[in-house]
$ cat target06.txt   # compact mmCIF, C-alpha atoms (C1' of nucleotides)
# COMPACT_ATOMS: atom_id res chain seq x y z
CA MET O 941 -3.58 14.80 15.01
CA ASN O 942 -4.31 11.06 15.12
CA ASP O 943 -6.29 11.58 18.30
CA PRO O 944 -6.78 8.07 19.75
CA ASN O 945 -10.33 8.97 20.85
CA ILE O 946 -11.66 9.56 17.34
CA PRO O 947 -13.05 6.54 15.45
CA LEU O 948 -11.14 5.70 12.30
CA CYS O 949 -13.95 4.06 10.29
CA ASN O 950 -11.64 1.68 8.45
CA PRO O 951 -14.08 -0.54 6.52
CA LEU O 952 -11.66 -3.46 6.84
CA LEU O 953 -12.15 -3.24 10.61
CA LYS O 954 -15.89 -3.91 10.39
CA LEU O 955 -17.16 -7.22 11.65
CA ASP O 956 -19.58 -7.57 8.76
CA ASN O 957 -16.76 -7.42 6.25
CA GLN O 958 -14.73 -10.17 7.83
CA LEU O 959 -14.56 -13.60 6.23
CA CYS O 960 -12.83 -14.71 9.40
CA PHE O 961 -15.87 -14.04 11.55
CA SER O 962 -18.15 -15.84 9.09
CA VAL O 963 -16.00 -18.96 9.31
CA TYR O 964 -15.76 -18.69 13.09
CA ALA O 965 -19.52 -18.23 13.51
CA LEU O 966 -20.39 -20.96 11.01
CA SER O 967 -18.08 -23.42 12.73
CA ARG O 968 -19.82 -22.89 16.05
CA LEU O 969 -23.26 -23.04 14.46
CA ILE O 970 -22.42 -26.36 12.80
CA THR O 971 -21.20 -27.78 16.10
CA LYS O 972 -24.41 -26.61 17.74
CA THR O 973 -26.46 -28.24 14.98
CA TYR O 974 -24.58 -31.53 15.49
CA GLN O 975 -25.11 -31.42 19.24
CA PRO O 976 -28.61 -32.95 19.50
CA LEU O 977 -27.65 -35.63 16.96
CA LEU O 978 -24.44 -36.50 18.80
CA ASP O 979 -26.21 -36.46 22.15
CA THR O 980 -27.94 -39.68 21.11
CA LEU O 981 -24.48 -41.30 20.92
CA GLY O 982 -23.19 -39.50 24.00
CA VAL O 983 -20.20 -37.98 22.18
CA THR O 984 -18.96 -34.43 21.66
CA TYR O 985 -18.13 -33.04 18.23
CA PRO O 986 -14.32 -33.43 18.53
CA GLN O 987 -14.86 -36.96 19.86
CA TYR O 988 -17.08 -37.67 16.87
CA LEU O 989 -14.24 -36.60 14.56
CA VAL O 990 -11.89 -39.05 16.28
CA LEU O 991 -14.50 -41.79 15.85
CA LEU O 992 -14.87 -40.98 12.14
CA LEU O 993 -11.15 -41.66 11.74
CA LEU O 994 -11.13 -44.81 13.85
CA TRP O 995 -14.21 -46.21 12.10
CA GLU O 996 -12.19 -45.92 8.90
CA HIS O 997 -8.69 -46.82 10.11
CA GLU O 998 -9.33 -48.93 13.23
CA SER O 999 -5.98 -47.94 14.78
CA LEU O 1000 -4.06 -44.65 14.68
CA THR O 1001 -1.29 -43.07 16.72
CA VAL O 1002 -1.87 -39.81 18.56
CA LYS O 1003 0.48 -38.19 16.06
CA GLU O 1004 -1.57 -39.45 13.11
CA LEU O 1005 -4.82 -38.27 14.70
CA GLY O 1006 -3.20 -34.91 15.33
CA GLU O 1007 -2.05 -34.57 11.73
CA LYS O 1008 -5.46 -35.42 10.34
CA LEU O 1009 -7.44 -33.27 12.78
CA LEU O 1010 -4.84 -30.48 13.09
CA LEU O 1011 -4.87 -30.89 16.87
CA ASP O 1012 -1.93 -31.25 19.26
CA SER O 1013 -1.38 -33.64 22.15
CA GLY O 1014 -2.50 -31.03 24.67
CA THR O 1015 -5.98 -31.33 23.19
CA LEU O 1016 -5.95 -34.99 22.18
CA THR O 1017 -4.49 -36.64 25.26
CA PRO O 1018 -7.29 -35.70 27.70
CA LEU O 1019 -9.91 -36.18 24.98
CA LEU O 1020 -8.68 -39.71 24.21
CA LYS O 1021 -8.50 -40.52 27.91
CA ARG O 1022 -12.18 -39.65 28.28
CA MET O 1023 -13.01 -41.83 25.28
CA GLU O 1024 -10.92 -44.65 26.73
CA GLN O 1025 -12.79 -44.42 30.02
CA ARG O 1026 -16.06 -44.89 28.15
CA GLY O 1027 -14.67 -48.02 26.52
CA TRP O 1028 -14.78 -46.73 22.94
CA LEU O 1029 -11.03 -47.10 22.36
CA SER O 1030 -7.84 -48.37 23.96
CA ARG O 1031 -4.56 -46.49 24.39
CA ARG O 1032 -1.23 -48.33 24.50
CA ARG O 1033 2.39 -47.61 23.67
CA ALA O 1034 3.72 -49.04 20.42
CA THR O 1035 6.15 -51.89 21.08
CA HIS O 1036 8.50 -50.93 18.25
CA ASP O 1037 8.65 -47.28 19.36
CA GLU O 1038 7.76 -46.58 22.95
CA ARG O 1039 7.29 -42.90 22.19
CA SER O 1040 4.13 -43.51 20.17
CA VAL O 1041 0.71 -44.10 21.67
CA ILE O 1042 -1.73 -46.08 19.55
CA ALA O 1043 -5.48 -45.53 19.85
CA THR O 1044 -7.44 -48.60 18.79
CA LEU O 1045 -11.19 -48.83 18.30
CA GLN O 1046 -12.98 -51.12 20.76
CA PRO O 1047 -16.25 -53.00 20.10
CA ALA O 1048 -18.23 -50.35 22.01
CA GLY O 1049 -16.75 -47.72 19.70
CA ARG O 1050 -17.52 -49.77 16.61
CA ALA O 1051 -21.08 -50.18 17.82
CA LEU O 1052 -21.55 -46.41 17.72
CA GLU O 1053 -20.94 -46.51 13.97
CA GLN O 1054 -24.29 -48.20 13.53
CA GLN O 1055 -26.09 -45.43 15.35
CA ALA O 1056 -24.22 -42.73 13.42
CA GLN O 1057 -25.39 -43.81 9.96
CA GLU O 1058 -28.15 -41.24 9.73
CA ILE O 1059 -26.22 -38.30 11.19
CA PRO O 1060 -24.71 -36.96 7.92
CA VAL O 1061 -28.10 -37.18 6.25
CA GLN O 1062 -29.86 -35.36 9.06
CA LEU O 1063 -27.19 -32.67 9.11
CA GLY O 1064 -27.53 -32.26 5.36
CA ASN O 1065 -31.20 -31.51 5.88
CA CYS O 1066 -30.38 -28.83 8.45
CA LEU O 1067 -27.91 -27.16 6.07
CA ASP O 1068 -30.54 -26.85 3.33
CA MET O 1069 -27.92 -27.41 0.63
CA THR O 1070 -27.56 -29.94 -2.16
CA ILE O 1071 -24.77 -32.51 -2.17
CA GLU O 1072 -23.19 -30.57 -5.03
CA GLN O 1073 -23.26 -27.28 -3.15
CA ILE O 1074 -21.70 -28.90 -0.10
CA SER O 1075 -19.01 -30.62 -2.13
CA ASP O 1076 -18.32 -27.45 -4.06
CA LEU O 1077 -17.88 -25.33 -0.95
CA ARG O 1078 -15.61 -27.96 0.56
CA GLN O 1079 -13.41 -27.81 -2.54
CA GLN O 1080 -13.20 -24.04 -2.16
CA LEU O 1081 -12.05 -24.25 1.45
CA LYS O 1082 -9.44 -26.93 0.76
CA PRO O 1083 -6.74 -24.68 -0.77
CA ILE O 1084 -7.24 -22.03 1.93
CA ILE O 1085 -6.75 -24.64 4.62
CA SER O 1086 -3.56 -26.01 3.08
CA GLN O 1087 -2.29 -22.48 2.52
CA LEU O 1088 -2.73 -21.62 6.22
CA ASN O 1089 -1.47 -25.02 7.36
CA LYS O 1090 2.01 -24.43 5.94
CA MET H 697 -26.07 -59.70 10.30
CA ASN H 698 -25.20 -56.10 11.17
CA ASP H 699 -22.27 -57.31 13.25
CA PRO H 700 -21.15 -54.23 15.22
CA ASN H 701 -17.49 -55.20 14.76
CA ILE H 702 -17.49 -54.98 10.98
CA PRO H 703 -16.71 -51.56 9.44
CA LEU H 704 -19.58 -50.11 7.42
CA CYS H 705 -17.59 -47.96 4.97
CA ASN H 706 -20.32 -45.34 4.63
CA PRO H 707 -18.63 -42.65 2.51
CA LEU H 708 -20.66 -39.97 4.28
CA LEU H 709 -18.87 -41.01 7.48
CA LYS H 710 -15.41 -40.16 6.12
CA LEU H 711 -13.64 -37.14 7.53
CA ASP H 712 -12.38 -36.08 4.13
CA ASN H 713 -15.92 -35.77 2.84
CA GLN H 714 -17.15 -33.52 5.59
CA LEU H 715 -17.71 -29.83 4.96
CA CYS H 716 -18.17 -29.52 8.70
CA PHE H 717 -14.60 -30.53 9.43
CA SER H 718 -13.27 -28.14 6.79
CA VAL H 719 -15.06 -25.23 8.43
CA TYR H 720 -13.96 -26.34 11.89
CA ALA H 721 -10.32 -26.73 10.85
CA LEU H 722 -10.29 -23.48 8.87
CA SER H 723 -11.73 -21.55 11.79
CA ARG H 724 -8.95 -22.74 14.09
CA LEU H 725 -6.30 -22.09 11.45
CA ILE H 726 -7.54 -18.53 10.96
CA THR H 727 -7.45 -17.90 14.70
CA LYS H 728 -3.92 -19.27 14.80
CA THR H 729 -2.92 -17.00 11.94
CA TYR H 730 -4.35 -13.97 13.78
CA GLN H 731 -2.53 -14.88 16.97
CA PRO H 732 0.89 -13.30 16.29
CA LEU H 733 -0.81 -10.17 14.91
CA LEU H 734 -3.12 -9.86 17.92
CA ASP H 735 -0.26 -10.54 20.33
CA THR H 736 1.10 -7.10 19.48
CA LEU H 737 -2.16 -5.65 20.89
CA GLY H 738 -2.32 -8.14 23.75
CA VAL H 739 -5.82 -9.35 22.81
CA THR H 740 -7.31 -12.75 21.99
CA TYR H 741 -9.35 -13.37 18.85
CA PRO H 742 -12.78 -13.23 20.57
CA GLN H 743 -11.68 -10.06 22.38
CA TYR H 744 -10.63 -8.61 19.03
CA LEU H 745 -14.14 -9.28 17.70
CA VAL H 746 -15.62 -7.37 20.64
CA LEU H 747 -13.23 -4.50 19.94
CA LEU H 748 -14.24 -4.45 16.25
CA LEU H 749 -17.83 -3.86 17.37
CA LEU H 750 -16.98 -1.26 19.99
CA TRP H 751 -14.67 0.62 17.62
CA GLU H 752 -17.69 0.96 15.36
CA HIS H 753 -20.49 1.42 17.89
CA GLU H 754 -18.72 2.80 20.98
CA SER H 755 -21.34 1.35 23.35
CA LEU H 756 -23.27 -1.93 23.22
CA THR H 757 -25.20 -4.05 25.70
CA VAL H 758 -24.14 -7.61 26.44
CA LYS H 759 -27.29 -8.73 24.66
CA GLU H 760 -26.39 -6.76 21.52
CA LEU H 761 -22.83 -8.11 21.55
CA GLY H 762 -24.24 -11.60 21.93
CA GLU H 763 -26.61 -11.18 19.02
CA LYS H 764 -23.89 -9.88 16.73
CA LEU H 765 -21.26 -12.42 17.74
CA LEU H 766 -23.68 -15.32 18.33
CA LEU H 767 -22.28 -15.75 21.83
CA ASP H 768 -24.16 -16.03 25.13
CA SER H 769 -23.53 -14.35 28.46
CA GLY H 770 -21.72 -17.40 29.78
CA THR H 771 -18.98 -16.65 27.29
CA LEU H 772 -19.22 -12.86 27.18
CA THR H 773 -19.41 -12.00 30.88
CA PRO H 774 -15.98 -13.34 31.88
CA LEU H 775 -14.47 -12.16 28.59
CA LEU H 776 -15.76 -8.61 29.12
CA LYS H 777 -14.59 -8.65 32.73
CA ARG H 778 -11.05 -9.42 31.56
CA MET H 779 -11.25 -6.60 29.02
CA GLU H 780 -12.57 -4.27 31.71
CA GLN H 781 -9.65 -5.13 33.97
CA ARG H 782 -7.26 -4.12 31.22
CA GLY H 783 -9.02 -0.78 30.93
CA TRP H 784 -10.25 -1.24 27.35
CA LEU H 785 -13.94 -0.92 28.24
CA SER H 786 -16.30 -0.17 31.12
CA ARG H 787 -19.27 -2.28 32.24
CA ARG H 788 -22.26 -0.68 33.94
CA ARG H 789 -25.98 -1.36 34.32
CA ALA H 790 -28.31 0.72 32.15
CA THR H 791 -30.19 3.27 34.24
CA HIS H 792 -33.44 2.88 32.30
CA ASP H 793 -33.35 -0.94 32.51
CA GLU H 794 -31.28 -2.39 35.30
CA ARG H 795 -31.28 -5.80 33.63
CA SER H 796 -29.02 -4.63 30.83
CA VAL H 797 -25.26 -4.23 31.12
CA ILE H 798 -23.65 -1.72 28.78
CA ALA H 799 -20.07 -2.15 27.60
CA THR H 800 -18.52 1.17 26.62
CA LEU H 801 -15.18 1.66 24.88
CA GLN H 802 -12.55 3.46 26.98
CA PRO H 803 -9.66 5.57 25.65
CA ALA H 804 -7.23 2.65 26.10
CA GLY H 805 -9.53 0.53 23.93
CA ARG H 806 -9.84 3.25 21.31
CA ALA H 807 -6.06 3.54 21.22
CA LEU H 808 -5.81 -0.10 20.14
CA GLU H 809 -7.72 0.79 16.98
CA GLN H 810 -4.68 2.70 15.74
CA GLN H 811 -2.44 -0.33 16.16
CA ALA H 812 -5.00 -2.62 14.49
CA GLN H 813 -5.08 -0.76 11.17
CA GLU H 814 -2.69 -3.09 9.40
CA ILE H 815 -4.08 -6.36 10.77
CA PRO H 816 -6.71 -7.01 8.04
CA VAL H 817 -4.12 -6.29 5.37
CA GLN H 818 -1.55 -8.61 6.90
CA LEU H 819 -4.13 -11.35 7.30
CA GLY H 820 -5.15 -10.92 3.68
CA ASN H 821 -1.56 -11.62 2.70
CA CYS H 822 -1.52 -14.82 4.74
CA LEU H 823 -4.73 -16.03 3.08
CA ASP H 824 -3.24 -15.64 -0.40
CA MET H 825 -6.63 -14.61 -1.83
CA THR H 826 -7.83 -11.55 -3.69
CA ILE H 827 -10.34 -9.13 -2.16
CA GLU H 828 -12.90 -10.47 -4.63
CA GLN H 829 -12.31 -14.10 -3.65
CA ILE H 830 -12.63 -13.23 0.03
CA SER H 831 -15.80 -11.23 -0.50
CA ASP H 832 -17.26 -13.94 -2.72
CA LEU H 833 -16.66 -16.69 -0.19
CA ARG H 834 -18.15 -14.55 2.56
CA GLN H 835 -21.30 -14.12 0.47
CA GLN H 836 -21.51 -17.89 0.07
CA LEU H 837 -21.30 -18.51 3.80
CA LYS H 838 -23.88 -15.85 4.69
CA PRO H 839 -27.04 -17.81 3.76
CA ILE H 840 -25.73 -20.97 5.45
CA ILE H 841 -25.14 -19.03 8.65
CA SER H 842 -28.60 -17.48 8.66
CA GLN H 843 -30.14 -20.86 7.83
CA LEU H 844 -28.46 -22.49 10.85
CA ASN H 845 -29.09 -19.48 13.07
CA LYS H 846 -32.86 -19.89 12.89
C1' DA A 800 -51.90 -3.88 43.49
C1' DA A 801 -50.79 -8.75 43.25
C1' DA A 802 -49.68 -12.64 40.68
C1' DT A 803 -47.66 -14.49 36.71
C1' DG A 804 -44.60 -14.65 33.00
C1' DT A 805 -40.63 -12.84 30.35
C1' DT A 806 -36.16 -10.82 29.72
C1' DT A 807 -31.28 -10.09 30.91
C1' DA A 808 -27.02 -11.29 33.12
C1' DA A 809 -24.40 -13.93 36.09
C1' DT A 810 -22.84 -18.38 37.89
C1' DT A 811 -21.35 -23.19 37.73
C1' DG A 812 -19.46 -27.13 35.60
C1' DT A 813 -17.62 -29.68 31.54
C1' DG A 814 -14.89 -29.96 27.54
C1' DC A 815 -12.21 -28.33 24.21
C1' DA A 816 -7.92 -25.46 22.09
C1' DC A 817 -3.44 -24.14 22.53
C1' DA A 818 0.99 -22.13 24.28
C1' DA A 819 4.81 -23.30 27.09
C1' DC A 820 7.23 -26.56 29.25
C1' DC A 821 8.84 -31.27 30.61
C1' DT A 822 10.27 -36.18 30.09
C1' DA A 823 11.46 -40.30 27.91
C1' DA A 824 12.65 -42.76 23.71
C1' DT A 825 14.96 -42.81 19.50
C1' DA A 826 18.12 -41.50 15.76
C1' DG A 827 22.56 -39.81 14.05
C1' DG A 828 26.95 -38.57 14.26
C1' DA A 829 31.99 -38.13 16.14
C1' DT D 530 30.42 -45.93 22.78
C1' DC D 531 29.06 -41.26 24.18
C1' DC D 532 27.05 -36.87 22.91
C1' DT D 533 23.71 -34.26 20.75
C1' DA D 534 19.53 -33.39 18.49
C1' DT D 535 15.04 -34.79 17.33
C1' DT D 536 10.59 -36.80 18.04
C1' DA D 537 6.23 -38.19 20.58
C1' DG D 538 3.31 -37.51 24.36
C1' DG D 539 2.07 -35.64 28.63
C1' DT D 540 1.31 -31.70 32.01
C1' DT D 541 -0.01 -27.15 33.42
C1' DG D 542 -2.33 -22.88 32.99
C1' DT D 543 -5.36 -19.62 30.46
C1' DG D 544 -9.26 -18.56 27.77
C1' DC D 545 -13.01 -19.57 25.33
C1' DA D 546 -17.88 -22.05 24.26
C1' DC D 547 -22.00 -23.62 25.97
C1' DA D 548 -25.65 -26.12 28.72
C1' DA D 549 -28.12 -25.60 32.84
C1' DT D 550 -29.44 -23.08 36.69
C1' DT D 551 -30.27 -18.93 39.37
C1' DA D 552 -31.74 -14.23 40.44
C1' DA D 553 -33.15 -9.74 39.67
C1' DA D 554 -35.68 -6.38 36.88
C1' DC D 555 -39.28 -5.53 33.99
C1' DA D 556 -43.80 -6.42 31.58
C1' DT D 557 -48.56 -8.26 31.59
C1' DT D 558 -52.61 -9.85 33.21
C1' DT D 559 -56.21 -10.13 36.31
$ encode --input "target06.txt" --output "structure tokens"
Amino acid sequence: MNDPNIPLCNPLLKLDNQLCFSVYALSRLITKTYQPLLDTLGVTYPQYLVLLLLWEHESLTVKELGEKLLLDSGTLTPLLKRMEQRGWLSRRRATHDERSVIATLQPAGRALEQQAQEIPVQLGNCLDMTIEQISDLRQQLKPIISQLNK
Amino acid sequence: MNDPNIPLCNPLLKLDNQLCFSVYALSRLITKTYQPLLDTLGVTYPQYLVLLLLWEHESLTVKELGEKLLLDSGTLTPLLKRMEQRGWLSRRRATHDERSVIATLQPAGRALEQQAQEIPVQLGNCLDMTIEQISDLRQQLKPIISQLNK
DNA sequence: AAATGTTTAATTGTGCACAACCTAATAGGA
DNA sequence: TCCTATTAGGTTGTGCACAATTAAACATTT
């Protein structure tokens, strides 16, 4: 009994029933929808997220970026180096604590903000949802994210 | 006017207001939550998704896997080759159409189904949501996915 | 049958993501 | 002070994702 060659037909093991797959697929679809919009700025989606934060805060340490984006230095360091090479930001050690690296927006990075103004609007059109629906869904995801981020 | 060095403070360009980031972050958090569970099977999350489909359908072409998972051959081919090397599935050209490659579950892959039985339950515990909440959220994401997948 | 167009995978190259590990700087005690 | 532990980034290696290109098999048209 329990022959390993017989299917078990556990409904919980069906792709269609998995919230996880829906989130995974939606995330990639959203990135793909952003792509042509971000191509006009020459940035990738994760780079765009870094820019969103720097447009708002001007200067942030790698640690702060990591906390806000839930990314570690293994992802951020090479990503920030590419952005530095393009002149969008600078990277330097903090003088008061040589362990910290501060990323600071450069004029070329600030200039991209102008071109990005219409991106959220255009993406909203692609989603075919109202502002309320979008905001509502975001509020639903919030507690799940903080639950998993413990 | 429109000095590129002055912040614009467009609220739509704030990370906190972006549904997109929530989905992106949640997707990575879910994968990270699966990780220790999948480690006991020795599979990655995308490989687990392929197994879910093969446990149900036994045999699928690369094209069919791609349609169901929304992944292209550039992702699937190397992934399936790794799974083939581990003996979980076989890859062979279809005799009636030599363009198609059929992935077929092998006994070693079927055996993993036994060990996977508890994974959805354990993940449900981590999410701290009821079956109804999970199902409800999945229903909400469905139309957004099909909208973007056009 | 020959020419043309389409479908299906595979390949190549870039950029994340992340685990595991390493190093230097700092903080906190004994 | 010295010793220990902690913190912040960086490095390395593996595995996705995906765009762009290629090639072979099949379908269609003439």
$ residues_around --input "target06.txt" --residues "region 537-552 of chain D" --least-positions-apart "6" --cutoff "9 Å" --atoms "only C-alpha atoms (C1' of nucleotides)" --output "count of residues only"
27
$ atom_distance --input "target06.txt" --atom1 "CA of Val983 (chain O)" --atom2 "CA of Pro1047 (chain O)"
15.7 Å
$ axis_aligned_box --input "target06.txt" --around "region 802-820 of chain A" --padding-each-side "3 Å" --output "JSON"
{"center_x": -21.2, "center_y": -20.0, "center_z": 31.4, "size_x": 62.9, "size_y": 25.9, "size_z": 24.6}
$ closest_residue --input "target06.txt" --among "O:Asn957, O:Ser962, O:Thr1044, O:Thr1035" --to "chain A" --atoms "all atoms listed in the file"
O:Thr1035
$ atom_distance --input "target06.txt" --atom1 "CA of Val1061 (chain O)" --atom2 "CA of Gln975 (chain O)"
14.5 Å
$ closest_atom_pairs --input "target06.txt" --of "chain H" --to "chain O" --cutoff "6 Å" --atoms "all atoms listed in the file" --output "tab-separated table"
residue	atom	partner	partner_atom	distance
H:Pro700	CA	O:Ala1051	CA	4.8
H:Asn701	CA	O:Arg1050	CA	5.7
H:Leu715	CA	O:Arg1078	CA	5.2
H:Val719	CA	O:Ser967	CA	5.6
H:Tyr720	CA	O:Ser967	CA	5.1
H:Leu722	CA	O:Ile1085	CA	5.7
H:Ser723	CA	O:Tyr964	CA	5.1
H:Pro803	CA	O:Asn945	CA	5.9
H:Arg806	CA	O:Asn945	CA	5.8
H:Ala807	CA	O:Pro944	CA	4.8
H:Arg834	CA	O:Leu959	CA	5.2
H:Ile841	CA	O:Leu966	CA	5.6
$ atom_distance --input "target06.txt" --atom1 "C1' of DT806 (chain A)" --atom2 "C1' of DA556 (chain D)"
9.0 Å
$ closest_residue --input "target06.txt" --among "H:Asp735, H:Leu756, H:Arg778, H:Leu761" --to "chain D" --atoms "all atoms listed in the file"
H:Arg778
$ residues_around --input "target06.txt" --residues "DT559 (chain D)" --least-positions-apart "5" --cutoff "12 Å" --atoms "only C-alpha atoms (C1' of nucleotides)" --output "PyMOL selection string"
chain A and resi 800-803
$ write_last_selection --input "target06.txt" --atoms "C-alpha atoms (C1' of nucleotides)" --output "tab-separated table (two decimals), in the frame of the given file"
chain	number	residue	atom	x	y	z
A	800	DA	C1'	-51.90	-3.88	43.49
A	801	DA	C1'	-50.79	-8.75	43.25
A	802	DA	C1'	-49.68	-12.64	40.68
A	803	DT	C1'	-47.66	-14.49	36.71
$ closest_residue --input "target06.txt" --among "O:Asp1037, O:Gln987, O:Gln1025, O:Leu981" --to "chain D" --atoms "all atoms listed in the file"
O:Asp1037
$ closest_residue --input "target06.txt" --among "O:Leu1016, O:Leu1029, O:Glu1024, O:Glu1072" --to "chain A" --atoms "all atoms listed in the file"
O:Leu1016
